$ cat start-v8.txt   # compact mmCIF, C-alpha atoms
# COMPACT_ATOMS: atom_id res chain seq x y z
CA MET A 1 270.99 -36.52 56.30
CA ARG A 2 272.42 -33.37 54.74
CA LYS A 3 270.19 -31.19 52.60
CA ILE A 4 271.18 -29.48 49.36
CA ASN A 5 269.32 -26.32 48.39
CA VAL A 6 268.72 -26.06 44.65
CA GLY A 7 268.28 -22.85 42.71
CA LEU A 8 266.76 -23.52 39.30
CA ILE A 9 267.09 -20.89 36.58
CA GLY A 10 264.58 -21.56 33.80
CA GLY A 11 261.08 -22.92 34.22
CA GLY A 12 260.45 -24.45 30.79
CA PHE A 13 260.58 -28.04 29.59
CA MET A 14 264.05 -28.72 30.94
CA GLY A 15 263.21 -27.03 34.24
CA LYS A 16 260.29 -29.43 34.54
CA ALA A 17 262.49 -32.44 33.81
CA HIS A 18 265.09 -31.37 36.37
CA SER A 19 262.44 -30.60 39.01
CA LEU A 20 260.94 -34.05 38.54
CA ALA A 21 264.39 -35.57 39.07
CA TYR A 22 264.95 -33.67 42.31
CA SER A 23 261.65 -34.94 43.68
CA ALA A 24 262.31 -38.52 42.58
CA VAL A 25 265.95 -39.06 43.57
CA PRO A 26 265.10 -40.03 47.18
CA MET A 27 262.37 -42.39 45.94
CA PHE A 28 264.71 -44.32 43.64
CA PHE A 29 268.13 -43.95 45.28
CA TRP A 30 267.51 -44.45 48.97
CA PRO A 31 269.26 -43.64 51.17
CA THR A 32 270.42 -40.71 49.10
CA GLU A 33 273.71 -38.96 49.85
CA LEU A 34 271.97 -35.56 49.87
CA MET A 35 268.32 -34.61 50.25
CA PRO A 36 267.44 -32.07 47.54
CA VAL A 37 265.38 -29.07 48.59
CA LYS A 38 263.75 -27.08 45.78
CA HIS A 39 264.61 -23.68 47.19
CA THR A 40 264.18 -21.01 44.50
CA VAL A 41 263.22 -20.91 40.82
CA ALA A 42 263.95 -17.96 38.52
CA GLU A 43 261.99 -17.11 35.39
CA PHE A 44 261.62 -14.29 32.86
CA ASN A 45 259.12 -12.30 34.94
CA ASP A 46 257.43 -12.50 38.34
CA LYS A 47 254.25 -14.16 37.04
CA MET A 48 256.16 -16.87 35.17
CA ALA A 49 258.40 -17.41 38.19
CA GLU A 50 255.44 -17.74 40.56
CA ASP A 51 253.76 -20.19 38.21
CA ALA A 52 256.96 -22.26 37.95
CA ALA A 53 257.34 -22.34 41.75
CA ALA A 54 253.76 -23.53 42.22
CA ARG A 55 254.00 -26.08 39.42
CA PHE A 56 257.41 -27.53 40.26
CA GLY A 57 257.21 -27.29 44.04
CA PHE A 58 259.81 -24.61 44.78
CA GLU A 59 259.66 -22.67 48.03
CA ASN A 60 260.55 -19.30 46.47
CA SER A 61 260.49 -17.56 43.10
CA THR A 62 262.25 -14.62 41.49
CA SER A 63 262.51 -12.83 38.16
CA ASP A 64 266.20 -12.03 38.73
CA TRP A 65 268.57 -14.99 38.53
CA ASN A 66 271.20 -13.01 40.42
CA THR A 67 268.99 -13.53 43.49
CA ILE A 68 269.89 -17.22 43.31
CA ILE A 69 273.59 -16.57 42.75
CA ASN A 70 273.80 -14.17 45.70
CA ASN A 71 271.79 -16.27 48.15
CA PRO A 72 274.19 -17.98 50.59
CA GLU A 73 271.57 -20.61 51.38
CA ILE A 74 271.66 -22.03 47.85
CA ASP A 75 274.22 -24.78 47.22
CA LEU A 76 273.51 -25.84 43.64
CA VAL A 77 272.68 -23.66 40.64
CA ASP A 78 270.80 -25.45 37.86
CA ILE A 79 270.95 -23.68 34.49
CA ALA A 80 268.00 -24.62 32.27
CA THR A 81 267.86 -21.48 30.17
CA PRO A 82 268.44 -20.76 26.46
CA ASN A 83 272.07 -21.08 25.39
CA ASN A 84 272.91 -17.38 25.26
CA SER A 85 272.80 -17.08 29.07
CA HIS A 86 274.72 -20.25 30.00
CA ALA A 87 278.17 -18.65 30.20
CA GLN A 88 277.16 -15.58 32.20
CA ILE A 89 275.18 -17.57 34.75
CA ALA A 90 277.63 -20.45 35.13
CA ILE A 91 280.67 -18.24 35.57
CA ALA A 92 278.87 -16.09 38.15
CA ALA A 93 277.68 -19.18 40.03
CA LEU A 94 281.12 -20.79 40.14
CA LYS A 95 282.72 -17.54 41.32
CA ALA A 96 280.08 -17.40 44.07
CA GLY A 97 281.10 -20.87 45.26
CA LYS A 98 278.08 -22.76 43.95
CA HIS A 99 277.97 -26.23 42.46
CA VAL A 100 276.64 -26.00 38.90
CA ILE A 101 274.74 -28.20 36.47
CA CYS A 102 274.20 -26.69 33.02
CA GLU A 103 272.00 -27.93 30.21
CA LYS A 104 273.61 -28.81 26.90
CA PRO A 105 275.13 -27.50 24.78
CA LEU A 106 277.51 -25.99 27.29
CA ALA A 107 277.74 -22.75 25.30
CA ARG A 108 277.01 -21.11 21.95
CA THR A 109 280.65 -20.93 20.91
CA VAL A 110 284.05 -22.41 21.63
CA GLU A 111 285.09 -19.09 23.17
CA GLU A 112 282.20 -19.12 25.67
CA ALA A 113 282.84 -22.79 26.48
CA ALA A 114 286.51 -22.00 27.16
CA LEU A 115 285.57 -19.28 29.63
CA MET A 116 283.15 -21.62 31.42
CA TYR A 117 285.74 -24.38 31.58
CA GLU A 118 288.34 -22.00 32.98
CA ALA A 119 285.90 -20.84 35.66
CA ALA A 120 285.28 -24.47 36.57
CA ARG A 121 289.03 -25.19 36.76
CA ASN A 122 289.44 -22.24 39.12
CA SER A 123 286.67 -23.48 41.41
CA ASP A 124 286.58 -26.36 43.87
CA ARG A 125 282.86 -26.83 43.23
CA VAL A 126 281.34 -29.72 41.27
CA ASN A 127 280.33 -28.91 37.71
CA MET A 128 278.28 -30.99 35.28
CA VAL A 129 276.85 -30.67 31.79
CA ALA A 130 273.52 -32.41 31.28
CA PHE A 131 274.16 -34.95 28.55
CA ASN A 132 271.56 -37.24 30.09
CA TYR A 133 271.16 -39.75 27.25
CA ARG A 134 274.43 -41.44 28.19
CA ARG A 135 272.70 -42.35 31.46
CA THR A 136 270.09 -44.49 29.74
CA PRO A 137 270.76 -47.92 31.33
CA ALA A 138 271.13 -49.62 27.93
CA VAL A 139 273.76 -47.07 26.85
CA ALA A 140 275.60 -47.51 30.17
CA LEU A 141 275.43 -51.28 29.59
CA ALA A 142 276.97 -50.80 26.14
CA LYS A 143 279.78 -48.86 27.84
CA ARG A 144 280.28 -51.75 30.27
CA TYR A 145 280.51 -54.29 27.45
CA ILE A 146 283.04 -52.13 25.58
CA ASP A 147 285.18 -51.53 28.68
CA GLU A 148 285.15 -55.25 29.49
CA GLY A 149 286.34 -56.05 25.97
CA ALA A 150 283.20 -57.99 25.07
CA ILE A 151 283.19 -56.60 21.51
CA GLY A 152 286.97 -56.27 21.28
CA ARG A 153 288.60 -53.26 19.66
CA VAL A 154 286.10 -50.66 18.47
CA ILE A 155 286.31 -50.42 14.69
CA ASN A 156 283.28 -48.36 13.70
CA PHE A 157 280.77 -46.05 15.40
CA ARG A 158 277.67 -44.62 13.74
CA ALA A 159 274.86 -42.64 15.27
CA THR A 160 271.80 -40.65 14.30
CA TYR A 161 269.51 -38.16 16.00
CA LEU A 162 266.44 -37.63 13.82
CA GLN A 163 263.38 -35.56 14.75
CA ASP A 164 260.32 -34.14 13.01
CA TRP A 165 258.92 -31.72 15.62
CA SER A 166 260.00 -28.77 13.49
CA ALA A 167 259.73 -30.24 10.00
CA ASP A 168 256.59 -28.19 9.37
CA PRO A 169 257.57 -24.62 8.36
CA LYS A 170 254.40 -23.40 10.07
CA SER A 171 255.75 -24.42 13.48
CA PRO A 172 256.83 -21.37 15.50
CA LEU A 173 260.15 -19.59 15.66
CA SER A 174 261.67 -21.14 18.77
CA TRP A 175 264.85 -19.57 20.16
CA ARG A 176 266.50 -22.77 18.92
CA PHE A 177 266.24 -21.40 15.36
CA GLN A 178 268.03 -18.14 16.15
CA LYS A 179 271.82 -18.08 15.96
CA ASP A 180 272.34 -15.21 18.40
CA ILE A 181 270.51 -17.20 21.09
CA ALA A 182 271.23 -20.83 20.20
CA GLY A 183 274.67 -20.49 18.62
CA SER A 184 273.89 -23.15 16.03
CA GLY A 185 270.99 -25.32 14.88
CA ALA A 186 270.97 -29.09 14.61
CA ILE A 187 274.69 -29.20 15.46
CA GLY A 188 274.46 -27.68 18.93
CA ASP A 189 270.92 -28.69 19.75
CA ILE A 190 270.82 -32.42 19.00
CA LEU A 191 274.07 -33.57 17.38
CA THR A 192 275.87 -32.74 20.63
CA HIS A 193 274.04 -35.62 22.32
CA VAL A 194 275.35 -38.25 19.91
CA LEU A 195 278.80 -36.66 19.92
CA ASP A 196 278.82 -37.02 23.70
CA MET A 197 277.91 -40.69 23.33
CA ALA A 198 280.55 -41.10 20.60
CA ARG A 199 283.22 -39.88 23.04
CA TYR A 200 281.71 -41.94 25.88
CA LEU A 201 281.65 -45.19 23.90
CA ALA A 202 284.31 -44.94 21.20
CA GLY A 203 286.83 -42.35 22.40
CA GLU A 204 288.07 -38.95 21.30
CA VAL A 205 287.15 -37.58 17.88
CA THR A 206 290.24 -36.22 16.11
CA GLU A 207 289.04 -35.21 12.64
CA VAL A 208 285.72 -34.54 10.89
CA SER A 209 284.32 -34.04 7.40
CA ALA A 210 280.83 -32.53 7.38
CA ILE A 211 277.99 -31.11 5.34
CA THR A 212 274.98 -29.14 6.57
CA ASN A 213 271.66 -28.11 5.08
CA HIS A 214 269.48 -25.06 5.77
CA ILE A 215 265.97 -25.99 4.68
CA ILE A 216 263.48 -23.67 6.41
CA THR A 217 264.47 -20.00 6.29
CA GLU A 218 261.55 -18.37 8.16
CA ARG A 219 258.88 -19.31 10.68
CA PRO A 220 255.85 -17.70 12.36
CA LEU A 221 256.72 -15.63 15.42
CA GLN A 222 255.65 -17.17 18.72
CA GLN A 223 252.60 -15.62 20.32
CA SER A 224 253.55 -16.35 23.93
CA GLY A 225 256.58 -16.09 26.17
CA ALA A 226 256.89 -19.86 26.49
CA ASP A 227 258.94 -21.80 23.97
CA SER A 228 256.26 -23.88 22.27
CA LEU A 229 258.57 -25.92 20.02
CA GLY A 230 256.52 -27.63 17.34
CA ASN A 231 253.26 -27.87 19.25
CA SER A 232 251.55 -24.77 17.89
CA LYS A 233 251.22 -23.30 14.43
CA GLY A 234 250.75 -19.87 13.00
CA GLY A 235 248.52 -19.21 10.05
CA SER A 236 249.82 -18.35 6.62
CA ASP A 237 249.35 -14.65 7.41
CA ALA A 238 251.17 -14.75 10.77
CA PRO A 239 254.22 -12.48 11.12
CA LYS A 240 257.42 -14.31 10.23
CA GLY A 241 260.91 -14.30 11.64
CA LYS A 242 264.22 -15.37 10.14
CA VAL A 243 265.72 -18.83 10.74
CA ASP A 244 269.50 -18.46 10.48
CA VAL A 245 270.79 -21.84 11.67
CA GLU A 246 271.21 -25.21 9.97
CA ASP A 247 268.40 -27.79 9.98
CA GLU A 248 270.52 -30.88 9.44
CA VAL A 249 274.11 -32.07 9.57
CA LEU A 250 276.02 -35.16 8.50
CA SER A 251 279.63 -35.80 9.45
CA LEU A 252 282.25 -38.48 9.02
CA LEU A 253 284.51 -39.01 12.03
CA LYS A 254 288.00 -40.25 12.78
CA PHE A 255 288.79 -41.40 16.32
CA ALA A 256 292.07 -41.34 18.24
CA ASN A 257 292.03 -45.14 18.57
CA GLY A 258 291.87 -45.67 14.79
CA ALA A 259 288.13 -46.25 14.58
CA ILE A 260 286.02 -44.42 12.00
CA GLY A 261 282.36 -43.48 12.00
CA SER A 262 279.57 -41.12 11.17
CA VAL A 263 276.97 -38.99 12.95
CA GLU A 264 273.82 -37.43 11.53
CA ALA A 265 271.21 -35.09 12.97
CA THR A 266 268.14 -33.52 11.42
CA ARG A 267 264.96 -31.78 12.51
CA ASN A 268 263.23 -32.57 9.22
CA ALA A 269 262.74 -36.34 9.32
CA TRP A 270 258.97 -36.87 9.08
CA GLY A 271 257.96 -39.90 11.14
CA ARG A 272 260.96 -39.77 13.45
CA ASN A 273 260.15 -38.50 16.92
CA ASN A 274 263.26 -38.79 19.09
CA PHE A 275 265.14 -41.27 16.95
CA ILE A 276 268.57 -41.65 18.54
CA THR A 277 270.39 -44.72 17.23
CA LEU A 278 273.84 -46.10 17.90
CA GLU A 279 275.67 -48.95 16.22
CA ILE A 280 279.14 -49.95 17.30
CA HIS A 281 281.17 -52.66 15.57
CA GLY A 282 284.18 -54.21 17.22
CA SER A 283 286.65 -56.94 16.41
CA GLU A 284 284.73 -59.38 18.64
CA GLY A 285 281.11 -58.28 18.25
CA SER A 286 278.59 -55.51 17.71
CA ILE A 287 276.16 -53.39 19.72
CA ALA A 288 273.05 -51.56 18.49
CA PHE A 289 270.66 -49.24 20.34
CA ASN A 290 267.52 -47.27 19.46
CA TYR A 291 266.38 -44.74 22.06
CA GLU A 292 262.74 -45.15 21.04
CA ASN A 293 263.14 -48.73 22.40
CA ARG A 294 265.30 -47.65 25.29
CA ASP A 295 264.86 -50.74 27.46
CA GLN A 296 266.62 -52.78 24.79
CA LEU A 297 270.22 -53.29 23.79
CA GLU A 298 270.96 -55.42 20.74
CA VAL A 299 274.20 -57.40 20.95
CA CYS A 300 276.02 -59.90 18.77
CA PHE A 301 279.24 -61.65 19.75
CA LYS A 302 281.80 -63.29 17.48
CA SER A 303 282.16 -66.09 20.05
CA ASP A 304 278.59 -67.27 19.41
CA GLU A 305 278.32 -70.53 17.51
CA GLY A 306 277.81 -70.03 13.80
CA ASP A 307 274.34 -71.58 13.76
CA ARG A 308 273.05 -69.07 16.33
CA ARG A 309 275.09 -65.97 15.59
CA GLY A 310 273.05 -62.80 15.21
CA PHE A 311 271.69 -59.92 17.24
CA ARG A 312 269.96 -60.82 20.50
CA THR A 313 267.95 -58.44 22.68
CA VAL A 314 268.96 -57.68 26.25
CA TYR A 315 266.16 -56.00 28.21
CA THR A 316 267.66 -53.78 30.87
CA GLY A 317 266.58 -54.28 34.47
CA PRO A 318 267.95 -54.99 37.97
CA ASN A 319 271.13 -56.70 36.67
CA HIS A 320 272.19 -53.68 34.65
CA PRO A 321 273.55 -50.18 35.45
CA ASN A 322 271.35 -48.45 38.06
CA GLY A 323 268.81 -51.26 37.66
CA GLU A 324 268.62 -52.07 41.35
CA SER A 325 267.35 -48.57 42.06
CA LEU A 326 264.84 -48.27 39.22
CA TRP A 327 262.29 -51.01 38.56
CA PRO A 328 262.13 -54.58 39.97
CA ILE A 329 261.95 -56.47 36.66
CA PRO A 330 263.36 -55.81 33.16
CA ALA A 331 261.37 -54.00 30.45
CA LEU A 332 258.91 -52.22 32.74
CA GLY A 333 259.74 -49.05 30.85
CA ILE A 334 262.63 -46.61 31.09
CA GLY A 335 261.67 -43.06 30.18
CA TYR A 336 263.32 -39.69 29.71
CA GLY A 337 262.61 -38.91 33.36
CA GLU A 338 264.69 -41.83 34.60
CA THR A 339 267.77 -40.57 32.77
CA LYS A 340 267.37 -37.24 34.56
CA ILE A 341 266.87 -38.98 37.91
CA ILE A 342 270.09 -40.95 37.43
CA GLU A 343 271.85 -37.75 36.35
CA ALA A 344 270.73 -35.91 39.50
CA HIS A 345 271.73 -38.85 41.70
CA ASP A 346 275.22 -38.94 40.19
CA LEU A 347 275.53 -35.19 40.67
CA PHE A 348 274.50 -35.36 44.33
CA LYS A 349 276.83 -38.29 44.93
CA ALA A 350 279.74 -36.27 43.55
CA ILE A 351 278.86 -33.24 45.67
CA ALA A 352 278.54 -35.37 48.79
CA GLY A 353 281.90 -37.02 48.15
CA GLN A 354 283.58 -33.82 46.94
CA GLU A 355 284.68 -35.63 43.79
CA PRO A 356 284.37 -34.96 40.04
CA VAL A 357 281.48 -36.18 37.96
CA ARG A 358 281.30 -36.77 34.21
CA PRO A 359 280.36 -35.31 31.85
CA ASP A 360 281.70 -32.05 33.26
CA PHE A 361 282.49 -28.66 31.74
CA GLY A 362 285.66 -30.14 30.25
CA ASP A 363 283.54 -32.64 28.35
CA GLY A 364 281.17 -29.88 27.29
CA TYR A 365 284.14 -27.84 26.07
CA GLN A 366 285.53 -30.78 24.06
CA VAL A 367 282.13 -31.33 22.42
CA ALA A 368 282.06 -27.61 21.58
CA LEU A 369 285.44 -28.05 19.88
CA ILE A 370 284.00 -30.90 17.79
CA ASP A 371 280.89 -28.83 16.99
CA ASP A 372 283.09 -25.97 15.82
CA ALA A 373 285.24 -28.26 13.67
CA ILE A 374 282.10 -29.71 12.07
CA ALA A 375 280.77 -26.23 11.28
CA ARG A 376 284.11 -25.19 9.79
CA SER A 377 284.33 -28.39 7.74
CA ALA A 378 280.83 -27.80 6.36
CA GLN A 379 281.94 -24.32 5.22
CA THR A 380 285.20 -25.38 3.62
CA GLY A 381 284.30 -28.85 2.36
CA GLN A 382 287.57 -30.14 3.84
CA TRP A 383 288.55 -32.63 6.51
CA THR A 384 289.09 -30.57 9.67
CA LYS A 385 291.15 -31.51 12.71
CA VAL A 386 289.51 -31.29 16.14
CA PRO A 387 291.62 -29.49 18.78
CA GLN A 388 292.11 -31.64 21.88
CA LEU A 389 291.73 -30.43 25.46
CA ASN A 390 294.47 -31.52 27.86
CA ARG A 391 292.55 -31.90 31.11
CA GLU A 392 295.73 -31.82 33.20
CA THR A 393 296.98 -28.48 31.89
CA GLY A 394 293.74 -27.00 30.63
CA GLN A 395 295.45 -26.23 27.32
CA ILE A 396 294.32 -26.98 23.75
CA SER A 397 296.56 -28.81 21.30

$ encode --input "start-v8.txt" --output "structure tokens"
Amino acid sequence: MRKINVGLIGGGFMGKAHSLAYSAVPMFFWPTELMPVKHTVAEFNDKMAEDAAARFGFENSTSDWNTIINNPEIDLVDIATPNNSHAQIAIAALKAGKHVICEKPLARTVEEAALMYEAARNSDRVNMVAFNYRRTPAVALAKRYIDEGAIGRVINFRATYLQDWSADPKSPLSWRFQKDIAGSGAIGDILTHVLDMARYLAGEVTEVSAITNHIITERPLQQSGADSLGNSKGGSDAPKGKVDVEDEVLSLLKFANGAIGSVEATRNAWGRNNFITLEIHGSEGSIAFNYENRDQLEVCFKSDEGDRRGFRTVYTGPNHPNGESLWPIPALGIGYGETKIIEAHDLFKAIAGQEPVRPDFGDGYQVALIDDAIARSAQTGQWTKVPQLNRETGQIS
């Protein structure tokens, strides 16, 4: 069995999630195409890097991510850093002949995403952007139903991503609230996930009409190097820093296939934890999904007899996408970790077979184009066309 040496850059929350996946892939997907080896982890300084190596089980640590890029033993570079370093690291890794997985959003701007996509096109290495929610078995099952024609022609798609972890203005100034690091706020951070699923399930988005809201304008400065998100609070006298990105966004969508829809994302929805919902209506039925009940897919089919027509619950398990490799009976509990395990498995399978995997940097670039159109629409108050990437030519039209 061939090994694949992984170099992880970033030892925070996402680094933990990815490290868990590398450990678990052989347990769930056996025999695995490649055996992951956690070779080297890079962090902000030596102490943080050493801690990450000990915690996540990496053989080596470094405070210079170039050490990973320049090490010929490392096959895969995993980018789990804040958004402002994605482009520099990914382009360097691809030029060095590494396979690359990059956390979402792919980049801060369309321009950075274009450079990353071009580097990927010029490389024969596998590239992937980590939109892991599409790998939730219930979402993959929805995709299967749609592709099989079970709900007919898609007519309407609506989705939300609502959170409250930062609704309190006393929660600290994460890098996610700073435009020069994050690129955008709710648009790039969480809306990108439902836009990825919109493209995955309903097709290409061609036009948008959006509004945004900037609610919290300053937050207490963080007192540690780690990004503490909403889990710690500063007092009323704590030093404050500026928040210069949007807190929420709402957009209408038009799709290439004639469907219409809407997407909404906010960080200020008290009572909503990780509330990702999808509802898809077709000519022959409907599908609904709530990530907080992620073992369940709600379906209704036009072909049902009138006296029993309505939403029924399908609990995902061995008969559904990736079910044979996860848990032996339905509804035992799919978590965030499983989506990352499936993601890593699909990545390794692509590397082993020297074949593409989706979503890739092209998908990340197209989502960046939608993000940019949404931001421009919110500024102008006008419907805004979304440029379309031609994957054959690499050109935008």

$ residues_near_point --input "start-v8.txt" --point "(260.5, -28.9, 30.7)" --cutoff "12 Å" --atoms "only C-alpha atoms" --output "list in words"
Leu8, Ile9, Gly10, Gly11, Gly12, Phe13, Met14, Gly15, Lys16, Ala17, His18, Ser19, Leu20, Ala21, Ala52, Arg55, Phe56, Ala80, Thr81, Glu103, Ala226, Asp227, Ser228, Leu229, Tyr336, Gly337 and Lys340 of chain A

$ closest_residue --input "start-v8.txt" --among "A:Leu173, A:Asn293, A:Ser184, A:His214" --to "Gly241 in chain A" --atoms "all atoms listed in the file"
A:Leu173

$ residues_around --input "start-v8.txt" --residues "range 138-140 of chain A" --least-positions-apart "3" --cutoff "10 Å" --atoms "only C-alpha atoms" --output "PyMOL selection string"
chain A and resi 133-135+143-146+197+200-201+278+287-291+293-298+314-317+320-322+334

$ residues_around --input "start-v8.txt" --residues "His193 in chain A" --least-positions-apart "3" --cutoff "12 Å" --atoms "only C-alpha atoms" --output "count of residues only"
41

$ closest_residue --input "start-v8.txt" --among "A:Asp164, A:Glu284, A:Arg312, A:Leu195" --to "Thr266 in chain A" --atoms "all atoms listed in the file"
A:Asp164

$ decode --input "start-v8.txt" --residues "range 191-213 of chain A" --atoms "N, CA and C atoms" --output "mmCIF file, in the first residue's frame"
data_model
loop_
_atom_site.group_PDB
_atom_site.id
_atom_site.type_symbol
_atom_site.label_atom_id
_atom_site.label_comp_id
_atom_site.auth_asym_id
_atom_site.auth_seq_id
_atom_site.Cartn_x
_atom_site.Cartn_y
_atom_site.Cartn_z
ATOM 1 N N LEU A 191 -21.693 32.025 3.426
ATOM 2 C CA LEU A 191 -22.560 31.928 2.253
ATOM 3 C C LEU A 191 -21.932 31.048 1.179
ATOM 4 N N THR A 192 -20.600 31.028 1.101
ATOM 5 C CA THR A 192 -19.937 30.213 0.078
ATOM 6 C C THR A 192 -20.347 28.744 0.173
ATOM 7 N N HIS A 193 -20.601 28.259 1.387
ATOM 8 C CA HIS A 193 -21.007 26.859 1.534
ATOM 9 C C HIS A 193 -22.343 26.594 0.840
ATOM 10 N N VAL A 194 -23.335 27.464 1.057
ATOM 11 C CA VAL A 194 -24.630 27.200 0.427
ATOM 12 C C VAL A 194 -24.595 27.526 -1.068
ATOM 13 N N LEU A 195 -23.716 28.438 -1.478
ATOM 14 C CA LEU A 195 -23.554 28.659 -2.915
ATOM 15 C C LEU A 195 -22.937 27.435 -3.582
ATOM 16 N N ASP A 196 -21.993 26.791 -2.903
ATOM 17 C CA ASP A 196 -21.438 25.553 -3.448
ATOM 18 C C ASP A 196 -22.531 24.504 -3.595
ATOM 19 N N MET A 197 -23.388 24.384 -2.589
ATOM 20 C CA MET A 197 -24.460 23.390 -2.682
ATOM 21 C C MET A 197 -25.517 23.801 -3.701
ATOM 22 N N ALA A 198 -25.723 25.108 -3.899
ATOM 23 C CA ALA A 198 -26.633 25.559 -4.952
ATOM 24 C C ALA A 198 -26.144 25.088 -6.317
ATOM 25 N N ARG A 199 -24.849 25.278 -6.589
ATOM 26 C CA ARG A 199 -24.270 24.832 -7.859
ATOM 27 C C ARG A 199 -24.314 23.319 -7.970
ATOM 28 N N TYR A 200 -24.023 22.623 -6.876
ATOM 29 C CA TYR A 200 -23.987 21.159 -6.841
ATOM 30 C C TYR A 200 -25.365 20.567 -7.131
ATOM 31 N N LEU A 201 -26.409 21.180 -6.597
ATOM 32 C CA LEU A 201 -27.743 20.595 -6.669
ATOM 33 C C LEU A 201 -28.625 21.203 -7.757
ATOM 34 N N ALA A 202 -28.463 22.501 -8.020
ATOM 35 C CA ALA A 202 -29.397 23.169 -8.931
ATOM 36 C C ALA A 202 -28.746 23.710 -10.191
ATOM 37 N N GLY A 203 -27.423 23.766 -10.258
ATOM 38 C CA GLY A 203 -26.758 24.228 -11.466
ATOM 39 C C GLY A 203 -26.134 25.601 -11.313
ATOM 40 N N GLU A 204 -25.648 26.141 -12.421
ATOM 41 C CA GLU A 204 -24.895 27.386 -12.382
ATOM 42 C C GLU A 204 -25.791 28.594 -12.109
ATOM 43 N N VAL A 205 -25.281 29.484 -11.265
ATOM 44 C CA VAL A 205 -25.957 30.742 -10.956
ATOM 45 C C VAL A 205 -25.526 31.774 -11.982
ATOM 46 N N THR A 206 -26.497 32.429 -12.624
ATOM 47 C CA THR A 206 -26.182 33.356 -13.714
ATOM 48 C C THR A 206 -26.400 34.822 -13.359
ATOM 49 N N GLU A 207 -27.236 35.094 -12.351
ATOM 50 C CA GLU A 207 -27.539 36.479 -12.016
ATOM 51 C C GLU A 207 -27.986 36.546 -10.562
ATOM 52 N N VAL A 208 -27.657 37.662 -9.885
ATOM 53 C CA VAL A 208 -27.975 37.802 -8.460
ATOM 54 C C VAL A 208 -28.497 39.210 -8.180
ATOM 55 N N SER A 209 -29.294 39.299 -7.114
ATOM 56 C CA SER A 209 -29.742 40.589 -6.588
ATOM 57 C C SER A 209 -29.649 40.501 -5.076
ATOM 58 N N ALA A 210 -28.785 41.323 -4.458
ATOM 59 C CA ALA A 210 -28.419 41.095 -3.061
ATOM 60 C C ALA A 210 -28.492 42.361 -2.220
ATOM 61 N N ILE A 211 -28.646 42.130 -0.918
ATOM 62 C CA ILE A 211 -28.478 43.177 0.087
ATOM 63 C C ILE A 211 -27.613 42.607 1.206
ATOM 64 N N THR A 212 -26.861 43.494 1.854
ATOM 65 C CA THR A 212 -26.037 43.093 2.996
ATOM 66 C C THR A 212 -26.318 44.028 4.160
ATOM 67 N N ASN A 213 -25.862 43.615 5.345
ATOM 68 C CA ASN A 213 -26.031 44.434 6.531
ATOM 69 C C ASN A 213 -24.773 44.335 7.389
#
